[in-house]
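Below is structure-v2.pdb, holding PDB, C-alpha atoms and all ligand atoms.
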```
ATOM      1  CA  MET A   1     123.482  84.526  23.527
ATOM      2  CA  LEU A   2     121.047  83.583  26.284
ATOM      3  CA  ARG A   3     118.764  86.488  25.407
ATOM      4  CA  ARG A   4     118.722  85.408  21.724
ATOM      5  CA  HIS A   5     117.701  81.842  22.679
ATOM      6  CA  PHE A   6     115.003  83.158  24.950
ATOM      7  CA  THR A   7     113.639  85.461  22.228
ATOM      8  CA  ASN A   8     113.687  82.656  19.655
ATOM      9  CA  ALA A   9     111.897  80.307  22.041
ATOM     10  CA  LEU A  10     109.290  82.954  22.829
ATOM     11  CA  LEU A  11     108.662  83.708  19.146
ATOM     12  CA  GLY A  12     108.621  80.011  18.248
ATOM     13  CA  SER A  13     106.081  79.130  20.917
ATOM     14  CA  GLY A  14     103.915  82.097  19.922
ATOM     15  CA  PHE A  15     104.004  80.986  16.306
ATOM     16  CA  ALA A  16     103.178  77.390  17.280
ATOM     17  CA  ALA A  17     100.238  78.513  19.449
ATOM     18  CA  THR A  18      98.880  80.722  16.660
ATOM     19  CA  ALA A  19      99.228  77.978  14.053
ATOM     20  CA  GLY A  20      97.543  75.468  16.406
ATOM     21  CA  SER A  21      94.629  77.802  17.094
ATOM     22  CA  ILE A  22      94.058  78.119  13.342
ATOM     23  CA  ILE A  23      94.631  74.511  12.295
ATOM     24  CA  TYR A  24      92.707  72.746  15.106
ATOM     25  CA  PRO A  25      89.228  74.211  14.319
ATOM     26  CA  ILE A  26      89.781  73.559  10.617
ATOM     27  CA  LEU A  27      90.602  69.905  11.295
ATOM     28  CA  LYS A  28      87.614  69.538  13.651
ATOM     29  CA  PHE A  29      85.387  70.934  10.913
ATOM     30  CA  ILE A  30      86.790  68.723   8.163
ATOM     31  CA  ILE A  31      86.944  65.455  10.130
ATOM     32  CA  PRO A  32      83.510  64.543  11.572
ATOM     33  CA  PRO A  33      83.353  62.965  15.028
ATOM     34  CA  GLU A  34      83.280  59.177  15.036
ATOM     35  CA  ASN A  35      79.928  58.955  16.809
ATOM     36  CA  ALA A  36      77.960  62.008  15.712
ATOM     37  CA  GLU A  37      75.111  62.518  18.156
ATOM     38  CA  SER A  38      72.655  63.388  15.429
ATOM     39  CA  ALA A  39      73.461  60.093  13.705
ATOM     40  CA  VAL A  40      72.284  58.024  16.683
ATOM     41  CA  MET A  41      69.295  56.076  15.431
ATOM     42  CA  SER A  42      68.583  53.830  18.422
ATOM     43  CA  VAL A  43      69.637  53.496  22.027
ATOM     44  CA  SER A  44      69.048  51.169  24.930
ATOM     45  CA  ALA A  45      66.811  52.939  27.435
ATOM     46  CA  GLY A  46      67.154  50.407  30.237
ATOM     47  CA  LYS A  47      65.594  47.159  31.357
ATOM     48  CA  PRO A  48      61.851  46.482  31.220
ATOM     49  CA  ASP A  49      61.746  45.584  34.917
ATOM     50  CA  ASP A  50      63.184  48.969  35.890
ATOM     51  CA  LEU A  51      60.076  50.822  34.723
ATOM     52  CA  PRO A  52      56.898  50.000  36.680
ATOM     53  CA  ALA A  53      53.422  50.716  35.308
ATOM     54  CA  ASN A  54      52.333  54.368  35.332
ATOM     55  CA  SER A  55      55.840  55.777  35.459
ATOM     56  CA  GLY A  56      58.346  57.507  33.232
ATOM     57  CA  LYS A  57      62.024  58.173  33.082
ATOM     58  CA  ILE A  58      64.433  60.412  31.224
ATOM     59  CA  PHE A  59      67.133  58.745  29.134
ATOM     60  CA  GLN A  60      69.838  60.022  26.816
ATOM     61  CA  PHE A  61      69.134  59.738  23.093
ATOM     62  CA  GLY A  62      72.364  60.891  21.483
ATOM     63  CA  GLY A  63      72.861  64.376  22.836
ATOM     64  CA  GLU A  64      69.205  64.949  23.653
ATOM     65  CA  PRO A  65      66.937  63.874  26.484
ATOM     66  CA  GLY A  66      64.257  61.309  25.774
ATOM     67  CA  LEU A  67      61.216  60.384  27.856
ATOM     68  CA  LEU A  68      60.271  56.718  28.237
ATOM     69  CA  ILE A  69      56.834  55.996  29.675
ATOM     70  CA  ARG A  70      55.131  52.816  30.788
ATOM     71  CA  THR A  71      51.428  53.587  30.870
ATOM     72  CA  ALA A  72      49.103  52.309  33.570
ATOM     73  CA  GLU A  73      48.008  49.656  31.057
ATOM     74  CA  GLY A  74      51.642  48.553  30.575
ATOM     75  CA  ASP A  75      52.348  50.035  27.121
ATOM     76  CA  LEU A  76      55.793  51.462  26.495
ATOM     77  CA  ARG A  77      56.040  54.827  24.732
ATOM     78  CA  ALA A  78      58.971  57.120  24.055
ATOM     79  CA  PHE A  79      59.263  60.715  22.977
ATOM     80  CA  SER A  80      61.807  63.428  22.721
ATOM     81  CA  ALA A  81      61.800  65.080  26.145
ATOM     82  CA  ARG A  82      62.313  68.498  24.580
ATOM     83  CA  CYS A  83      59.218  70.610  24.913
ATOM     84  CA  THR A  84      58.121  72.001  21.560
ATOM     85  CA  HIS A  85      57.644  75.444  23.091
ATOM     86  CA  LEU A  86      61.102  76.521  24.289
ATOM     87  CA  ASN A  87      62.970  73.219  24.678
ATOM     88  CA  CYS A  88      62.586  72.648  28.419
ATOM     89  CA  THR A  89      62.695  69.008  29.495
ATOM     90  CA  VAL A  90      59.241  67.486  29.960
ATOM     91  CA  GLN A  91      58.345  64.958  32.677
ATOM     92  CA  TYR A  92      55.745  62.267  33.158
ATOM     93  CA  ASP A  93      53.070  63.200  35.690
ATOM     94  CA  ALA A  94      51.867  59.884  37.129
ATOM     95  CA  GLY A  95      49.014  61.499  39.066
ATOM     96  CA  GLU A  96      47.457  63.145  36.015
ATOM     97  CA  LYS A  97      48.714  60.456  33.596
ATOM     98  CA  GLN A  98      50.065  63.034  31.194
ATOM     99  CA  ILE A  99      53.328  64.636  30.139
ATOM    100  CA  VAL A 100      53.962  68.068  31.568
ATOM    101  CA  CYS A 101      56.440  70.849  31.055
ATOM    102  CA  ALA A 102      57.172  72.770  34.222
ATOM    103  CA  CYS A 103      58.563  75.819  32.444
ATOM    104  CA  HIS A 104      55.287  77.331  31.202
ATOM    105  CA  GLY A 105      52.674  74.715  32.049
ATOM    106  CA  GLY A 106      52.656  72.854  28.745
ATOM    107  CA  VAL A 107      50.689  69.584  28.747
ATOM    108  CA  PHE A 108      50.880  66.633  26.344
ATOM    109  CA  ASP A 109      48.768  63.493  26.296
ATOM    110  CA  LEU A 110      50.255  59.996  26.298
ATOM    111  CA  ASN A 111      50.485  60.092  22.494
ATOM    112  CA  GLY A 112      52.697  63.181  22.735
ATOM    113  CA  LYS A 113      49.948  65.472  21.423
ATOM    114  CA  ASN A 114      49.991  68.994  22.820
ATOM    115  CA  VAL A 115      46.719  69.452  24.705
ATOM    116  CA  ALA A 116      47.230  72.545  26.880
ATOM    117  CA  GLY A 117      49.556  75.464  27.393
ATOM    118  CA  PRO A 118      51.859  77.149  24.925
ATOM    119  CA  PRO A 119      53.539  74.189  23.099
ATOM    120  CA  PRO A 120      52.662  74.646  19.404
ATOM    121  CA  LYS A 121      53.092  71.052  18.254
ATOM    122  CA  PRO A 122      53.327  67.455  19.517
ATOM    123  CA  LEU A 123      56.451  65.861  20.965
ATOM    124  CA  ILE A 124      58.609  63.881  18.562
ATOM    125  CA  ALA A 125      57.622  60.224  18.965
ATOM    126  CA  TYR A 126      60.104  57.350  18.956
ATOM    127  CA  SER A 127      59.417  53.660  18.442
ATOM    128  CA  VAL A 128      59.952  51.357  21.414
ATOM    129  CA  ASN A 129      60.784  47.658  21.357
ATOM    130  CA  ALA A 130      61.400  45.417  24.334
ATOM    131  CA  ARG A 131      64.108  43.036  23.126
ATOM    132  CA  GLY A 132      64.905  40.414  25.691
ATOM    133  CA  ASP A 133      66.343  42.186  28.673
ATOM    134  CA  GLU A 134      66.477  45.692  27.277
ATOM    135  CA  ILE A 135      64.218  48.428  25.961
ATOM    136  CA  VAL A 136      65.404  49.744  22.597
ATOM    137  CA  VAL A 137      64.202  53.174  21.510
ATOM    138  CA  SER A 138      64.583  54.139  17.837
ATOM    139  CA  ARG A 139      63.859  57.136  15.694
ATOM    140  CA  VAL A 140      60.754  56.564  13.586
TER     141      VAL A 140
HETATM  142  S1  LIG B   1      59.080  75.314  27.363
HETATM  143 FE1  LIG B   1      57.535  73.877  27.747
HETATM  144  S2  LIG B   1      55.775  75.059  27.973
HETATM  145 FE2  LIG B   1      57.305  76.501  27.552
END
```

Translate this file's structure into structure tokens.
Ligand code: FES
Amino acid sequence: MLRRHFTNALLGSGFAATAGSIIYPILKFIIPPENAESAVMSVSAGKPDDLPANSGKIFQFGGEPGLLIRTAEGDLRAFSARCTHLNCTVQYDAGEKQIVCACHGGVFDLNGKNVAGPPPKPLIAYSVNARGDEIVVSRV
């Protein structure tokens, strides 16, 4: 009797695990996540006082990195921080006043235009608005 219960429990749990491994991916495919990262249209990238002139910082834009720059003249600019060559994360180079990719030496100007190295096209530009006490970055 004990062996029969054990066998039934073993078969039942195996069946439940198999059914769960089939049903769970189907449900995840059918029901979209509540906050799809690709659907993020704007994010808060911080406070204006946190970004001094001639500096940049990386922020999260949905599931991707973004680069927020305050130029030496005080303008705010934002781009996707994904290099258009092989998707490395670009950084702001305050000394050269340009955006650089350390992976293969890609260089972009402060408008996101590719000016040197292997990147084949400009960075994706975002619009930036300083609203009160926060910087809001939006897809164009
Ligand atoms: S990934 Fe940026 S230059 Fe290659």

Which residues come within 12 Å of region 49-64 of chain A, counting all atoms listed in the file, excluding same-chain residues fewer than 5 positions away, as a PyMOL selection string? chain A and resi 35-44+69-83+87-100+110+124+126+130+132-139

Select the residues contacting ligand LIG 1 (chain B) at a distance of at most 7 Å, based on all atoms listed in the file, then format the selection as a compact mmCIF listing (two decimals) with C-alpha atoms, keeping the file's coordinate frame.
```
# COMPACT_ATOMS: atom_id res chain seq x y z
CA CYS A 83 59.22 70.61 24.91
CA THR A 84 58.12 72.00 21.56
CA HIS A 85 57.64 75.44 23.09
CA LEU A 86 61.10 76.52 24.29
CA ASN A 87 62.97 73.22 24.68
CA CYS A 88 62.59 72.65 28.42
CA VAL A 90 59.24 67.49 29.96
CA CYS A 101 56.44 70.85 31.06
CA ALA A 102 57.17 72.77 34.22
CA CYS A 103 58.56 75.82 32.44
CA HIS A 104 55.29 77.33 31.20
CA GLY A 105 52.67 74.72 32.05
CA GLY A 106 52.66 72.85 28.74
CA GLY A 117 49.56 75.46 27.39
CA PRO A 118 51.86 77.15 24.92
CA PRO A 119 53.54 74.19 23.10
```

What's the separation between CA of Pro65 (chain A) and CA of Phe29 (chain A), in Å to one decimal place?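 Taking CA of Pro65 (chain A) as the start and CA of Phe29 (chain A) as the end point, the length is 25.2 Å.
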
To one decimal place in Å, what is the distance between CA of Gly46 (chain A) and CA of Val115 (chain A)?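 Straight-line distance from CA of Gly46 (chain A) to CA of Val115 (chain A) works out to 28.5 Å.
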
Mind giving me the axis-aligned box for region 96-109 of chain A with 8 Å on every side, centre plus edges in Å to one decimal, as AutoDock Vina command-line options?
```
--center_x 53.0 --center_y 68.9 --center_z 31.2 --size_x 27.1 --size_y 32.9 --size_z 25.7
```

Restricting the calculation to all atoms listed in the file, which member of A:Asn8, A:Phe108, A:Arg131, A:Ala17 is positioned closest to Lys47 (chain A)?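 For Lys47 (chain A), the nearest of the candidates is A:Arg131.
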
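The interatomic distance for the pair CA of Pro120 (chain A) and CA of Gly66 (chain A) works out to 18.8 Å.
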
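The closest residue to Gly112 (chain A), picked from A:Leu68, A:Ala45, A:Leu2, A:Ile26 and counting only C-alpha atoms, is A:Leu68.
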